[in-house]
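Text of final-v5.cif (mmCIF, N, CA and C atoms) as supplied:
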data_query
#
loop_
_atom_site.label_atom_id
_atom_site.label_comp_id
_atom_site.auth_asym_id
_atom_site.auth_seq_id
_atom_site.Cartn_x
_atom_site.Cartn_y
_atom_site.Cartn_z
N MET X 1 36.19 -56.17 63.67
CA MET X 1 36.26 -54.74 63.69
C MET X 1 36.40 -54.23 62.26
N GLN X 2 35.63 -53.24 61.94
CA GLN X 2 35.69 -52.64 60.61
C GLN X 2 36.79 -51.58 60.59
N LEU X 3 37.68 -51.71 59.62
CA LEU X 3 38.76 -50.73 59.43
C LEU X 3 38.53 -50.04 58.10
N PRO X 4 37.97 -48.86 58.09
CA PRO X 4 37.75 -48.16 56.82
C PRO X 4 39.07 -47.92 56.09
N HIS X 5 38.95 -47.75 54.78
CA HIS X 5 40.13 -47.45 53.97
C HIS X 5 40.83 -46.21 54.54
N ASN X 6 42.14 -46.25 54.57
CA ASN X 6 42.98 -45.15 55.04
C ASN X 6 42.95 -44.95 56.55
N SER X 7 42.39 -45.92 57.29
CA SER X 7 42.41 -45.84 58.76
C SER X 7 43.85 -45.94 59.24
N PHE X 8 44.08 -45.37 60.40
CA PHE X 8 45.38 -45.38 61.03
C PHE X 8 45.35 -46.42 62.13
N VAL X 9 46.32 -47.32 62.17
CA VAL X 9 46.40 -48.36 63.19
C VAL X 9 47.75 -48.25 63.89
N VAL X 10 47.72 -48.15 65.20
CA VAL X 10 48.94 -48.10 65.99
C VAL X 10 49.00 -49.36 66.84
N VAL X 11 50.10 -50.10 66.67
CA VAL X 11 50.35 -51.30 67.47
C VAL X 11 51.56 -50.97 68.33
N ALA X 12 51.36 -51.00 69.66
CA ALA X 12 52.43 -50.56 70.54
C ALA X 12 52.50 -51.41 71.80
N ASP X 13 53.67 -51.40 72.40
CA ASP X 13 53.84 -51.87 73.76
C ASP X 13 54.76 -50.84 74.42
N GLY X 14 55.37 -51.16 75.50
CA GLY X 14 56.18 -50.18 76.20
C GLY X 14 57.53 -49.89 75.57
N ARG X 15 57.92 -50.67 74.56
CA ARG X 15 59.23 -50.47 73.95
C ARG X 15 59.20 -50.35 72.43
N LYS X 16 58.08 -50.68 71.82
CA LYS X 16 58.02 -50.70 70.36
C LYS X 16 56.68 -50.15 69.90
N MET X 17 56.70 -49.32 68.85
CA MET X 17 55.44 -48.85 68.27
C MET X 17 55.52 -48.97 66.76
N LEU X 18 54.42 -49.40 66.18
CA LEU X 18 54.29 -49.56 64.74
C LEU X 18 53.09 -48.75 64.28
N PHE X 19 53.30 -47.89 63.30
CA PHE X 19 52.22 -47.08 62.73
C PHE X 19 51.87 -47.67 61.37
N PHE X 20 50.61 -48.07 61.21
CA PHE X 20 50.13 -48.65 59.96
C PHE X 20 49.05 -47.77 59.35
N ARG X 21 48.87 -47.91 58.05
CA ARG X 21 47.76 -47.28 57.33
C ARG X 21 47.05 -48.42 56.59
N ASN X 22 45.71 -48.44 56.64
CA ASN X 22 44.95 -49.47 55.94
C ASN X 22 44.82 -49.08 54.47
N ALA X 23 45.54 -49.78 53.61
CA ALA X 23 45.47 -49.52 52.17
C ALA X 23 44.36 -50.34 51.52
N GLY X 24 43.79 -51.26 52.28
CA GLY X 24 42.69 -52.07 51.77
C GLY X 24 41.35 -51.43 52.07
N ASP X 25 40.31 -52.25 52.10
CA ASP X 25 38.99 -51.73 52.46
C ASP X 25 38.58 -52.30 53.81
N SER X 26 37.36 -51.98 54.24
CA SER X 26 36.94 -52.42 55.57
C SER X 26 36.76 -53.93 55.66
N ALA X 27 36.41 -54.58 54.56
CA ALA X 27 36.23 -56.03 54.58
C ALA X 27 37.56 -56.78 54.53
N PHE X 28 38.51 -56.25 53.78
CA PHE X 28 39.81 -56.89 53.62
C PHE X 28 40.92 -55.87 53.87
N PRO X 29 41.30 -55.69 55.16
CA PRO X 29 42.34 -54.70 55.45
C PRO X 29 43.70 -55.14 54.91
N LYS X 30 44.47 -54.17 54.47
CA LYS X 30 45.85 -54.41 54.04
C LYS X 30 46.69 -53.34 54.71
N LEU X 31 47.31 -53.72 55.81
CA LEU X 31 48.08 -52.77 56.59
C LEU X 31 49.47 -52.56 55.98
N GLU X 32 49.79 -51.30 55.77
CA GLU X 32 51.12 -50.93 55.27
C GLU X 32 51.80 -50.10 56.34
N ILE X 33 53.02 -50.46 56.66
CA ILE X 33 53.73 -49.78 57.73
C ILE X 33 54.17 -48.39 57.28
N GLU X 34 53.90 -47.40 58.13
CA GLU X 34 54.31 -46.02 57.87
C GLU X 34 55.53 -45.64 58.70
N ARG X 35 55.57 -46.15 59.92
CA ARG X 35 56.65 -45.78 60.81
C ARG X 35 56.85 -46.88 61.85
N LYS X 36 58.10 -47.06 62.23
CA LYS X 36 58.44 -48.04 63.25
C LYS X 36 59.44 -47.41 64.20
N ARG X 37 59.22 -47.59 65.48
CA ARG X 37 60.15 -47.05 66.47
C ARG X 37 60.30 -48.05 67.60
N GLU X 38 61.53 -48.26 68.01
CA GLU X 38 61.80 -49.22 69.06
C GLU X 38 62.91 -48.68 69.95
N THR X 39 62.77 -48.89 71.25
CA THR X 39 63.84 -48.52 72.18
C THR X 39 64.37 -49.79 72.82
N PRO X 40 65.68 -49.90 72.93
CA PRO X 40 66.24 -51.10 73.57
C PRO X 40 65.94 -51.10 75.05
N ASP X 41 65.83 -52.27 75.62
CA ASP X 41 65.57 -52.42 77.05
C ASP X 41 66.92 -52.40 77.76
N ALA X 42 67.22 -51.31 78.44
CA ALA X 42 68.52 -51.17 79.11
C ALA X 42 68.60 -52.08 80.33
N PRO X 43 69.78 -52.66 80.59
CA PRO X 43 69.94 -53.50 81.77
C PRO X 43 69.81 -52.68 83.06
N ASP X 44 69.47 -53.35 84.14
CA ASP X 44 69.29 -52.67 85.43
C ASP X 44 70.51 -51.85 85.83
N ARG X 45 71.68 -52.37 85.57
CA ARG X 45 72.90 -51.67 86.03
C ARG X 45 73.05 -50.30 85.36
N GLU X 46 72.39 -50.10 84.22
CA GLU X 46 72.46 -48.81 83.55
C GLU X 46 71.33 -47.87 83.96
N GLN X 47 70.38 -48.38 84.71
CA GLN X 47 69.22 -47.56 85.09
C GLN X 47 69.21 -47.14 86.55
N LYS X 48 69.92 -47.84 87.40
CA LYS X 48 69.89 -47.47 88.81
C LYS X 48 71.32 -47.45 89.36
N THR X 49 71.48 -46.74 90.45
CA THR X 49 72.82 -46.59 91.00
C THR X 49 72.96 -47.18 92.40
N ASP X 50 71.90 -47.21 93.17
CA ASP X 50 71.98 -47.64 94.56
C ASP X 50 70.89 -48.64 94.89
N ALA X 51 71.03 -49.21 96.06
CA ALA X 51 69.98 -50.06 96.61
C ALA X 51 68.85 -49.16 97.11
N PRO X 52 67.68 -49.73 97.39
CA PRO X 52 66.58 -48.92 97.91
C PRO X 52 66.98 -48.22 99.20
N GLY X 53 66.40 -47.05 99.47
CA GLY X 53 66.70 -46.30 100.67
C GLY X 53 66.09 -46.92 101.91
N ARG X 54 66.48 -46.37 103.06
CA ARG X 54 65.97 -46.86 104.34
C ARG X 54 65.26 -45.74 105.08
N ALA X 55 64.24 -46.12 105.82
CA ALA X 55 63.52 -45.15 106.64
C ALA X 55 63.70 -45.55 108.10
N PHE X 56 63.89 -44.55 108.95
CA PHE X 56 64.06 -44.80 110.38
C PHE X 56 62.79 -44.40 111.11
N ASP X 57 62.49 -45.10 112.15
CA ASP X 57 61.31 -44.80 112.97
C ASP X 57 61.56 -43.51 113.73
N ALA X 58 60.73 -42.49 113.50
CA ALA X 58 60.91 -41.17 114.10
C ALA X 58 60.50 -41.15 115.58
N SER X 59 59.84 -42.17 116.06
CA SER X 59 59.36 -42.16 117.44
C SER X 59 60.43 -42.64 118.42
N GLY X 60 61.62 -42.89 117.94
CA GLY X 60 62.70 -43.28 118.84
C GLY X 60 62.91 -44.78 118.92
N GLY X 61 62.10 -45.56 118.23
CA GLY X 61 62.27 -47.00 118.25
C GLY X 61 63.46 -47.42 117.40
N ALA X 62 63.78 -48.68 117.44
CA ALA X 62 64.94 -49.19 116.71
C ALA X 62 64.55 -49.72 115.33
N GLY X 63 63.28 -49.58 114.95
CA GLY X 63 62.82 -50.15 113.68
C GLY X 63 63.32 -49.40 112.46
N ARG X 64 63.67 -50.15 111.44
CA ARG X 64 64.06 -49.58 110.16
C ARG X 64 63.35 -50.37 109.07
N SER X 65 63.00 -49.69 108.00
CA SER X 65 62.36 -50.41 106.89
C SER X 65 62.88 -49.85 105.58
N ALA X 66 62.82 -50.68 104.54
CA ALA X 66 63.32 -50.26 103.23
C ALA X 66 62.16 -49.72 102.39
N TYR X 67 62.49 -48.71 101.58
CA TYR X 67 61.51 -48.22 100.61
C TYR X 67 61.40 -49.25 99.49
N GLU X 68 60.25 -49.28 98.86
CA GLU X 68 60.08 -50.17 97.72
C GLU X 68 60.98 -49.70 96.58
N GLU X 69 61.63 -50.64 95.93
CA GLU X 69 62.55 -50.31 94.85
C GLU X 69 61.78 -49.81 93.63
N THR X 70 62.30 -48.79 92.99
CA THR X 70 61.67 -48.22 91.81
C THR X 70 61.85 -49.17 90.63
N ASP X 71 60.79 -49.40 89.87
CA ASP X 71 60.86 -50.24 88.67
C ASP X 71 61.18 -49.33 87.48
N PHE X 72 62.46 -49.23 87.16
CA PHE X 72 62.90 -48.33 86.11
C PHE X 72 62.44 -48.79 84.73
N HIS X 73 62.30 -50.09 84.56
CA HIS X 73 61.80 -50.60 83.28
C HIS X 73 60.36 -50.13 83.04
N GLN X 74 59.54 -50.19 84.10
CA GLN X 74 58.15 -49.75 83.97
C GLN X 74 58.08 -48.25 83.76
N LEU X 75 58.92 -47.49 84.43
CA LEU X 75 58.95 -46.04 84.21
C LEU X 75 59.30 -45.71 82.77
N GLU X 76 60.24 -46.44 82.20
CA GLU X 76 60.63 -46.22 80.81
C GLU X 76 59.49 -46.58 79.85
N GLU X 77 58.78 -47.68 80.15
CA GLU X 77 57.64 -48.07 79.31
C GLU X 77 56.53 -47.03 79.38
N ASP X 78 56.28 -46.47 80.56
CA ASP X 78 55.26 -45.43 80.70
C ASP X 78 55.65 -44.17 79.94
N ARG X 79 56.93 -43.81 79.99
CA ARG X 79 57.41 -42.65 79.24
C ARG X 79 57.27 -42.87 77.74
N PHE X 80 57.55 -44.08 77.28
CA PHE X 80 57.43 -44.42 75.86
C PHE X 80 55.97 -44.33 75.42
N ALA X 81 55.04 -44.78 76.28
CA ALA X 81 53.61 -44.69 75.96
C ALA X 81 53.18 -43.23 75.86
N ALA X 82 53.70 -42.37 76.74
CA ALA X 82 53.38 -40.95 76.68
C ALA X 82 53.90 -40.33 75.39
N GLU X 83 55.09 -40.75 74.95
CA GLU X 83 55.64 -40.26 73.68
C GLU X 83 54.77 -40.71 72.50
N THR X 84 54.28 -41.93 72.55
CA THR X 84 53.41 -42.44 71.50
C THR X 84 52.12 -41.62 71.44
N ALA X 85 51.54 -41.32 72.60
CA ALA X 85 50.33 -40.49 72.63
C ALA X 85 50.61 -39.09 72.09
N GLU X 86 51.79 -38.56 72.34
CA GLU X 86 52.16 -37.24 71.83
C GLU X 86 52.27 -37.27 70.30
N LEU X 87 52.84 -38.33 69.74
CA LEU X 87 52.91 -38.46 68.28
C LEU X 87 51.51 -38.54 67.68
N LEU X 88 50.61 -39.27 68.34
CA LEU X 88 49.23 -39.36 67.86
C LEU X 88 48.57 -37.99 67.89
N ARG X 89 48.84 -37.21 68.93
CA ARG X 89 48.28 -35.86 69.04
C ARG X 89 48.76 -34.98 67.89
N LYS X 90 50.06 -34.99 67.65
CA LYS X 90 50.62 -34.16 66.58
C LYS X 90 50.03 -34.52 65.22
N ARG X 91 49.91 -35.83 64.98
CA ARG X 91 49.37 -36.26 63.68
C ARG X 91 47.88 -35.95 63.56
N ALA X 92 47.16 -36.01 64.67
CA ALA X 92 45.73 -35.67 64.64
C ALA X 92 45.56 -34.18 64.36
N LEU X 93 46.37 -33.35 64.99
CA LEU X 93 46.26 -31.92 64.78
C LEU X 93 46.67 -31.51 63.36
N ARG X 94 47.48 -32.34 62.70
CA ARG X 94 47.84 -32.08 61.30
C ARG X 94 46.86 -32.75 60.34
N ASN X 95 45.78 -33.33 60.88
CA ASN X 95 44.75 -34.02 60.08
C ASN X 95 45.33 -35.13 59.22
N GLU X 96 46.24 -35.92 59.77
CA GLU X 96 46.85 -37.01 59.02
C GLU X 96 46.02 -38.29 59.07
N TYR X 97 45.00 -38.32 59.90
CA TYR X 97 44.11 -39.48 59.94
C TYR X 97 42.73 -39.05 60.44
N ASP X 98 41.72 -39.82 60.00
CA ASP X 98 40.35 -39.57 60.44
C ASP X 98 39.87 -40.63 61.42
N SER X 99 40.39 -41.85 61.23
CA SER X 99 39.97 -42.98 62.04
C SER X 99 41.22 -43.65 62.61
N LEU X 100 41.18 -43.99 63.89
CA LEU X 100 42.33 -44.55 64.59
C LEU X 100 41.93 -45.79 65.38
N VAL X 101 42.76 -46.83 65.28
CA VAL X 101 42.62 -48.01 66.10
C VAL X 101 43.94 -48.20 66.83
N VAL X 102 43.88 -48.39 68.15
CA VAL X 102 45.08 -48.58 68.96
C VAL X 102 45.08 -50.00 69.50
N VAL X 103 46.20 -50.69 69.28
CA VAL X 103 46.37 -52.05 69.78
C VAL X 103 47.56 -52.04 70.72
N ALA X 104 47.33 -52.43 71.98
CA ALA X 104 48.39 -52.42 72.98
C ALA X 104 48.01 -53.35 74.13
N PRO X 105 49.02 -53.83 74.88
CA PRO X 105 48.70 -54.61 76.08
C PRO X 105 47.90 -53.75 77.06
N PRO X 106 47.11 -54.36 77.92
CA PRO X 106 46.23 -53.59 78.82
C PRO X 106 46.95 -52.50 79.62
N ARG X 107 48.10 -52.79 80.18
CA ARG X 107 48.81 -51.78 81.00
C ARG X 107 49.25 -50.59 80.13
N THR X 108 49.79 -50.87 78.96
CA THR X 108 50.22 -49.81 78.05
C THR X 108 49.02 -49.02 77.55
N LEU X 109 47.93 -49.71 77.25
CA LEU X 109 46.71 -49.05 76.80
C LEU X 109 46.20 -48.08 77.86
N GLY X 110 46.25 -48.50 79.12
CA GLY X 110 45.84 -47.61 80.21
C GLY X 110 46.72 -46.38 80.30
N GLU X 111 48.02 -46.56 80.11
CA GLU X 111 48.94 -45.42 80.14
C GLU X 111 48.71 -44.50 78.96
N LEU X 112 48.45 -45.07 77.79
CA LEU X 112 48.15 -44.24 76.61
C LEU X 112 46.90 -43.39 76.84
N ARG X 113 45.87 -44.01 77.42
CA ARG X 113 44.60 -43.30 77.66
C ARG X 113 44.80 -42.06 78.54
N LYS X 114 45.73 -42.13 79.48
CA LYS X 114 45.99 -40.99 80.35
C LYS X 114 46.47 -39.77 79.56
N HIS X 115 47.09 -40.03 78.40
CA HIS X 115 47.73 -38.96 77.65
C HIS X 115 47.02 -38.61 76.34
N TYR X 116 45.87 -39.25 76.05
CA TYR X 116 45.16 -38.93 74.82
C TYR X 116 44.72 -37.47 74.79
N HIS X 117 44.92 -36.82 73.69
CA HIS X 117 44.44 -35.46 73.45
C HIS X 117 42.98 -35.58 73.00
N LYS X 118 42.20 -34.52 73.15
CA LYS X 118 40.78 -34.58 72.75
C LYS X 118 40.63 -34.85 71.25
N GLU X 119 41.56 -34.38 70.43
CA GLU X 119 41.49 -34.65 68.99
C GLU X 119 41.73 -36.13 68.70
N VAL X 120 42.61 -36.75 69.46
CA VAL X 120 42.87 -38.19 69.30
C VAL X 120 41.63 -38.96 69.73
N GLU X 121 41.03 -38.58 70.84
CA GLU X 121 39.83 -39.25 71.33
C GLU X 121 38.68 -39.16 70.34
N LYS X 122 38.54 -38.00 69.65
CA LYS X 122 37.47 -37.84 68.66
C LYS X 122 37.65 -38.80 67.48
N ARG X 123 38.88 -39.11 67.14
CA ARG X 123 39.16 -39.95 65.97
C ARG X 123 39.30 -41.42 66.33
N LEU X 124 39.33 -41.74 67.59
CA LEU X 124 39.52 -43.11 68.06
C LEU X 124 38.29 -43.95 67.75
N SER X 125 38.45 -44.94 66.89
CA SER X 125 37.30 -45.78 66.54
C SER X 125 37.37 -47.16 67.20
N GLY X 126 38.48 -47.48 67.83
CA GLY X 126 38.57 -48.76 68.52
C GLY X 126 39.88 -48.96 69.22
N GLU X 127 39.85 -49.83 70.24
CA GLU X 127 41.05 -50.22 70.97
C GLU X 127 41.02 -51.73 71.15
N VAL X 128 42.18 -52.34 71.05
CA VAL X 128 42.31 -53.78 71.25
C VAL X 128 43.37 -53.99 72.32
N ALA X 129 43.00 -54.63 73.41
CA ALA X 129 43.92 -54.84 74.54
C ALA X 129 44.69 -56.14 74.36
N LYS X 130 45.63 -56.13 73.41
CA LYS X 130 46.48 -57.30 73.15
C LYS X 130 47.87 -56.82 72.77
N ASP X 131 48.86 -57.65 73.05
CA ASP X 131 50.23 -57.34 72.66
C ASP X 131 50.50 -58.02 71.32
N LEU X 132 50.52 -57.23 70.25
CA LEU X 132 50.72 -57.78 68.90
C LEU X 132 52.00 -57.26 68.25
N THR X 133 52.88 -56.62 69.01
CA THR X 133 54.06 -56.03 68.39
C THR X 133 55.01 -57.08 67.81
N GLY X 134 54.99 -58.27 68.30
CA GLY X 134 55.86 -59.32 67.78
C GLY X 134 55.22 -60.17 66.70
N HIS X 135 54.00 -59.86 66.29
CA HIS X 135 53.28 -60.64 65.30
C HIS X 135 53.55 -60.11 63.89
N PRO X 136 53.49 -61.00 62.89
CA PRO X 136 53.61 -60.53 61.51
C PRO X 136 52.37 -59.72 61.10
N VAL X 137 52.53 -58.89 60.09
CA VAL X 137 51.45 -57.98 59.66
C VAL X 137 50.20 -58.75 59.28
N TRP X 138 50.33 -59.84 58.55
CA TRP X 138 49.15 -60.60 58.11
C TRP X 138 48.35 -61.11 59.30
N GLU X 139 49.05 -61.46 60.39
CA GLU X 139 48.36 -61.96 61.58
C GLU X 139 47.64 -60.81 62.31
N ILE X 140 48.25 -59.62 62.33
CA ILE X 140 47.60 -58.45 62.93
C ILE X 140 46.32 -58.14 62.16
N GLU X 141 46.38 -58.18 60.83
CA GLU X 141 45.19 -57.95 60.00
C GLU X 141 44.09 -58.94 60.34
N LYS X 142 44.46 -60.20 60.46
CA LYS X 142 43.50 -61.26 60.76
C LYS X 142 42.85 -61.07 62.14
N ILE X 143 43.66 -60.70 63.13
CA ILE X 143 43.15 -60.48 64.49
C ILE X 143 42.22 -59.27 64.53
N LEU X 144 42.58 -58.20 63.83
CA LEU X 144 41.72 -57.01 63.79
C LEU X 144 40.39 -57.31 63.09
N GLN X 145 40.43 -58.12 62.05
CA GLN X 145 39.19 -58.50 61.36
C GLN X 145 38.26 -59.27 62.29
N ALA X 146 38.85 -60.13 63.14
CA ALA X 146 38.06 -60.96 64.03
C ALA X 146 37.49 -60.21 65.23
N GLU X 147 38.06 -59.06 65.56
CA GLU X 147 37.61 -58.28 66.72
C GLU X 147 36.22 -57.71 66.49
#

Re-express the file's structure as structure tokens.
Amino acid sequence: MQLPHNSFVVVADGRKMLFFRNAGDSAFPKLEIERKRETPDAPDREQKTDAPGRAFDASGGAGRSAYEETDFHQLEEDRFAAETAELLRKRALRNEYDSLVVVAPPRTLGELRKHYHKEVEKRLSGEVAKDLTGHPVWEIEKILQAE
């Protein structure tokens, strides 16, 4: 993947986002971190209060069934992805970047796409469906070059 000079690269998952700027050229990218944000993963006991609810059969039968339990971790990751998309929108409207590459796991990437603003979509030059938030910067550069 070609990363023009001064391209904006966002590496994110549901809990961590890294904003990079390419200080190198398209042949040899040199990513410099501009911003880093991370949210801790709260334990279940801090996210929920009760067991799943129960439903009773309205037709008079004796059957009862449980509702599916809400995945609070996934809800938090989806909210974090929406916040990331909002930051991209704000920066696009302030003309802080012309070219954007987003790197995220497939599920997070799908959630980000739901919230892309039209200005972000116009500047989007590529997406990579991989989780690279735990990788060192030099490895992210190498993976982006190979894409």

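Residues matched by the PyMOL selection byres ((chain X and resi 31) around 6) in this file are Phe20, Arg21, Asn22, Ala23, Gly24, Pro29, Lys30, Glu32 and Ile33 of chain X.
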
Picked residues, the PyMOL selection byres ((chain X and resi 17) around 6), expected as a ChimeraX atom specification:
/X:11-13,15-16,18-19,35-38

Give me the result of the PyMOL selection byres (((chain X and resi 83-92 and name CA) around 7) and name CA) on this file, residue by residue, as an NGL selection string.
:X and (79-82 or 93-97 or 112 or 115-117 or 119-120)

Only N, CA and C atoms, please: the residues just picked out, written as an mmCIF file, keeping the file's coordinate frame.
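Output (part-v7.cif):
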data_model
loop_
_atom_site.group_PDB
_atom_site.id
_atom_site.type_symbol
_atom_site.label_atom_id
_atom_site.label_comp_id
_atom_site.auth_asym_id
_atom_site.auth_seq_id
_atom_site.Cartn_x
_atom_site.Cartn_y
_atom_site.Cartn_z
ATOM 1 N N ARG X 79 56.930 -43.810 79.990
ATOM 2 C CA ARG X 79 57.410 -42.650 79.240
ATOM 3 C C ARG X 79 57.270 -42.870 77.740
ATOM 4 N N PHE X 80 57.550 -44.080 77.280
ATOM 5 C CA PHE X 80 57.430 -44.420 75.860
ATOM 6 C C PHE X 80 55.970 -44.330 75.420
ATOM 7 N N ALA X 81 55.040 -44.780 76.280
ATOM 8 C CA ALA X 81 53.610 -44.690 75.960
ATOM 9 C C ALA X 81 53.180 -43.230 75.860
ATOM 10 N N ALA X 82 53.700 -42.370 76.740
ATOM 11 C CA ALA X 82 53.380 -40.950 76.680
ATOM 12 C C ALA X 82 53.900 -40.330 75.390
ATOM 13 N N LEU X 93 46.370 -33.350 64.990
ATOM 14 C CA LEU X 93 46.260 -31.920 64.780
ATOM 15 C C LEU X 93 46.670 -31.510 63.360
ATOM 16 N N ARG X 94 47.480 -32.340 62.700
ATOM 17 C CA ARG X 94 47.840 -32.080 61.300
ATOM 18 C C ARG X 94 46.860 -32.750 60.340
ATOM 19 N N ASN X 95 45.780 -33.330 60.880
ATOM 20 C CA ASN X 95 44.750 -34.020 60.080
ATOM 21 C C ASN X 95 45.330 -35.130 59.220
ATOM 22 N N GLU X 96 46.240 -35.920 59.770
ATOM 23 C CA GLU X 96 46.850 -37.010 59.020
ATOM 24 C C GLU X 96 46.020 -38.290 59.070
ATOM 25 N N TYR X 97 45.000 -38.320 59.900
ATOM 26 C CA TYR X 97 44.110 -39.480 59.940
ATOM 27 C C TYR X 97 42.730 -39.050 60.440
ATOM 28 N N LEU X 112 48.450 -45.070 77.790
ATOM 29 C CA LEU X 112 48.150 -44.240 76.610
ATOM 30 C C LEU X 112 46.900 -43.390 76.840
ATOM 31 N N HIS X 115 47.090 -40.030 78.400
ATOM 32 C CA HIS X 115 47.730 -38.960 77.650
ATOM 33 C C HIS X 115 47.020 -38.610 76.340
ATOM 34 N N TYR X 116 45.870 -39.250 76.050
ATOM 35 C CA TYR X 116 45.160 -38.930 74.820
ATOM 36 C C TYR X 116 44.720 -37.470 74.790
ATOM 37 N N HIS X 117 44.920 -36.820 73.690
ATOM 38 C CA HIS X 117 44.440 -35.460 73.450
ATOM 39 C C HIS X 117 42.980 -35.580 73.000
ATOM 40 N N GLU X 119 41.560 -34.380 70.430
ATOM 41 C CA GLU X 119 41.490 -34.650 68.990
ATOM 42 C C GLU X 119 41.730 -36.130 68.700
ATOM 43 N N VAL X 120 42.610 -36.750 69.460
ATOM 44 C CA VAL X 120 42.870 -38.190 69.300
ATOM 45 C C VAL X 120 41.630 -38.960 69.730
#

Using only N, CA and C atoms, can you tell me which of X:Val137, X:Leu109, X:Ala27, X:Leu100 comes closest to Leu124 of chain X?
X:Leu100

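Here atom N of Phe28 of chain X stands at a distance of 24.2 Å from atom N of Lys122 of chain X.
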
Just how far from atom CA of Leu75 of chain X is atom CA of Thr133 of chain X, in Å to one decimal?
19.3 Å

Give me, as JSON, numbers by chain, all polymer residues having an atom no more than 6.5 Å from Leu132 of chain X, counting all atoms listed in the file and skipping those fewer than 2 positions away in the same chain.
{"X": [11, 12, 103, 104, 105, 130, 134, 135]}

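Atom C of Glu147 of chain X is positioned 6.4 Å from atom N of Gln2 of chain X.
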
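Shortest atom-to-atom contact with Gly14 of chain X among X:Glu34, X:Asp98, X:Arg107, X:Met1: X:Arg107, counting all atoms listed in the file.
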
Determine the axis-aligned bounding box of all atoms of segment 13-21 of chain X present in the file, pad each side by 4 Å, and express its centre and edge lengths in Å to one decimal place as AutoDock Vina command-line options.
--center_x 53.1 --center_y -49.5 --center_z 66.4 --size_x 20.2 --size_y 12.8 --size_z 27.6

Hey, what's within 7 Å of Val101 of chain X if we count all atoms listed in the file and toss same-chain stuff fewer than 4 positions away? As a list in words, please?
Ser7, Phe8, Val9, Val10, Val11, Arg123, Leu124, Ser125, Gly126, Glu127 and Val128 of chain X

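Between Asp78 of chain X and the candidates X:Glu111, X:Thr39, X:Pro106, X:Ser99, the tightest atom-to-atom separation, counting only N, CA and C atoms, involves X:Glu111.
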
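Of the residues under consideration (X:Thr108, X:Leu3, X:Val102, X:Ile140), X:Thr108 shows the shortest atom-to-atom contact distance to Glu77 of chain X when counting only C-alpha atoms.
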